[in-house]
Amino acid sequence: MTNNNANSGTSAAERIEAVCSRMNEAASDAGRQPQEVTLVAVSKTFDVPDIVPFIEAGLRVFGENRVQEAARKWPELKERQTDVELHLIGPLQSNKVIDAVGLFDVLQTLDRVKLAEALMRARDKGARLPRLFVQVNTGEEPQKAGVIPDELDDFIARCQKEWQLEIEGLMCIPPVDEEPALHFSLLRKLAQRNGISGLSMGMSGDFETAIRFGATHVRIGSALFGTRT
Ligand SMILES: *Cc1c(COP(=O)(O)O)cnc(C)c1O
């Protein structure tokens, strides 16, 4: 796929600069330091030649939502640029855990007991686990992945005590038709009461709001790479 979209007139460096200055302004408005917020560049659906300019322009943290697609693209990219950090932001099936732990540095979508157990087994066999975020279904949408808020404290406690899995953060994807601020605020509250510092929230359309509500990671795709086809 090539960048035949609205952003194609601007360079990768210009788009990164535009997003980063909006992030910095939102952080400053909220009395936060810019370095408290990590930009996760969501490169799903874009191919290696589309991603390379963003690495060359200095981005180091990327997100993908499909294990197989990432496995096709990222070994080559990581070989070119060894300090890249790759996040899985889409669902992980338990039977793909072995593939995923070898490829991803951060798993943002830990969302169920079966997956936690599969991770624990992979670790017992010697795998180095990615850093972990628990996905929370803040809107309690039946079709959406994530632990529902009522079950979150218990799930986190089991991760920590039963499986010795350290939880670095929480992640949410608000319902499309609701005010995202409500969900960002809820996620922050859930993190605080569980003593968790990482908050992955905010996408191209709402990352400034997310930063105001304490996001430590914003996941930005189309504002960087252009519209997905
Ligand atoms: C695609 C995706 C994003 C990025 O969305 P944009 O609106 O393109 O910024 C963020 N988070 C998740 C989980 C995604 O699947």
# chains A, B, ... in the order shown; residues from 1 in each chain; ligands from 1
$ select_by_dssp --residues "region 65-162 of chain A" --states "alpha helix (DSSP H)" --output "PyMOL selection string"
chain A and resi 67-80+97-103+113-124+149-161
$ residues_around --residues "region 75-91 of chain A" --least-positions-apart "6" --cutoff "6 Å" --atoms "only C-alpha atoms" --output "NGL selection string"
:A and (60-65 or 104-109)
$ atom_distance --atom1 "CA of Val48 (chain A)" --atom2 "CA of Phe225 (chain A)"
12.1 Å
$ closest_atom_pairs --of "chain A" --to "ligand 1" --cutoff "7 Å" --atoms "only C-alpha atoms and all ligand atoms" --output "tab-separated table"
residue	atom	partner	partner_atom_place_in_ligand_line	distance
A:Val42	CA	ligand 1	4 (C)	5.5
A:Lys44	CA	ligand 1	1 (C)	6.8
A:Asn65	CA	ligand 1	15 (O)	5.7
A:Ile89	CA	ligand 1	13 (C)	4.9
A:Gly90	CA	ligand 1	13 (C)	5.8
A:Ile173	CA	ligand 1	13 (C)	6.3
A:Met203	CA	ligand 1	9 (O)	4.2
A:Ser204	CA	ligand 1	9 (O)	3.6
A:Gly205	CA	ligand 1	7 (O)	6.0
A:Arg219	CA	ligand 1	10 (C)	4.6
A:Ile220	CA	ligand 1	9 (O)	3.7
A:Gly221	CA	ligand 1	8 (O)	3.5
A:Ser222	CA	ligand 1	8 (O)	3.7
A:Ala223	CA	ligand 1	9 (O)	6.1
$ select_by_dssp --residues "region 129-222 of chain A" --states "strand (DSSP E)" --output "PyMOL selection string"
chain A and resi 131-135+167-171+198-200+217-220
$ residues_around --residues "Phe155 (chain A)" --least-positions-apart "3" --cutoff "9 Å" --atoms "only C-alpha atoms" --output "list in words"
Asp111, Arg112, Val113, Val147, Glu151, Leu152, Arg158, Cys159 and Gln160 of chain A
$ residues_around --residues "Asn95 (chain A)" --least-positions-apart "2" --cutoff "12 Å" --atoms "only C-alpha atoms" --output "list in words"
Val67, Pro91, Leu92, Gln93, Val97, Ile98, Asp99, Ala100, Val101, Lys114, Leu115, Glu117, Ala118, Leu119, Arg121 and Ala122 of chain A
$ closest_residue --among "A:Leu186, A:Val37, A:Ala215, A:Val134" --to "Leu170 (chain A)" --atoms "only C-alpha atoms"
A:Val134
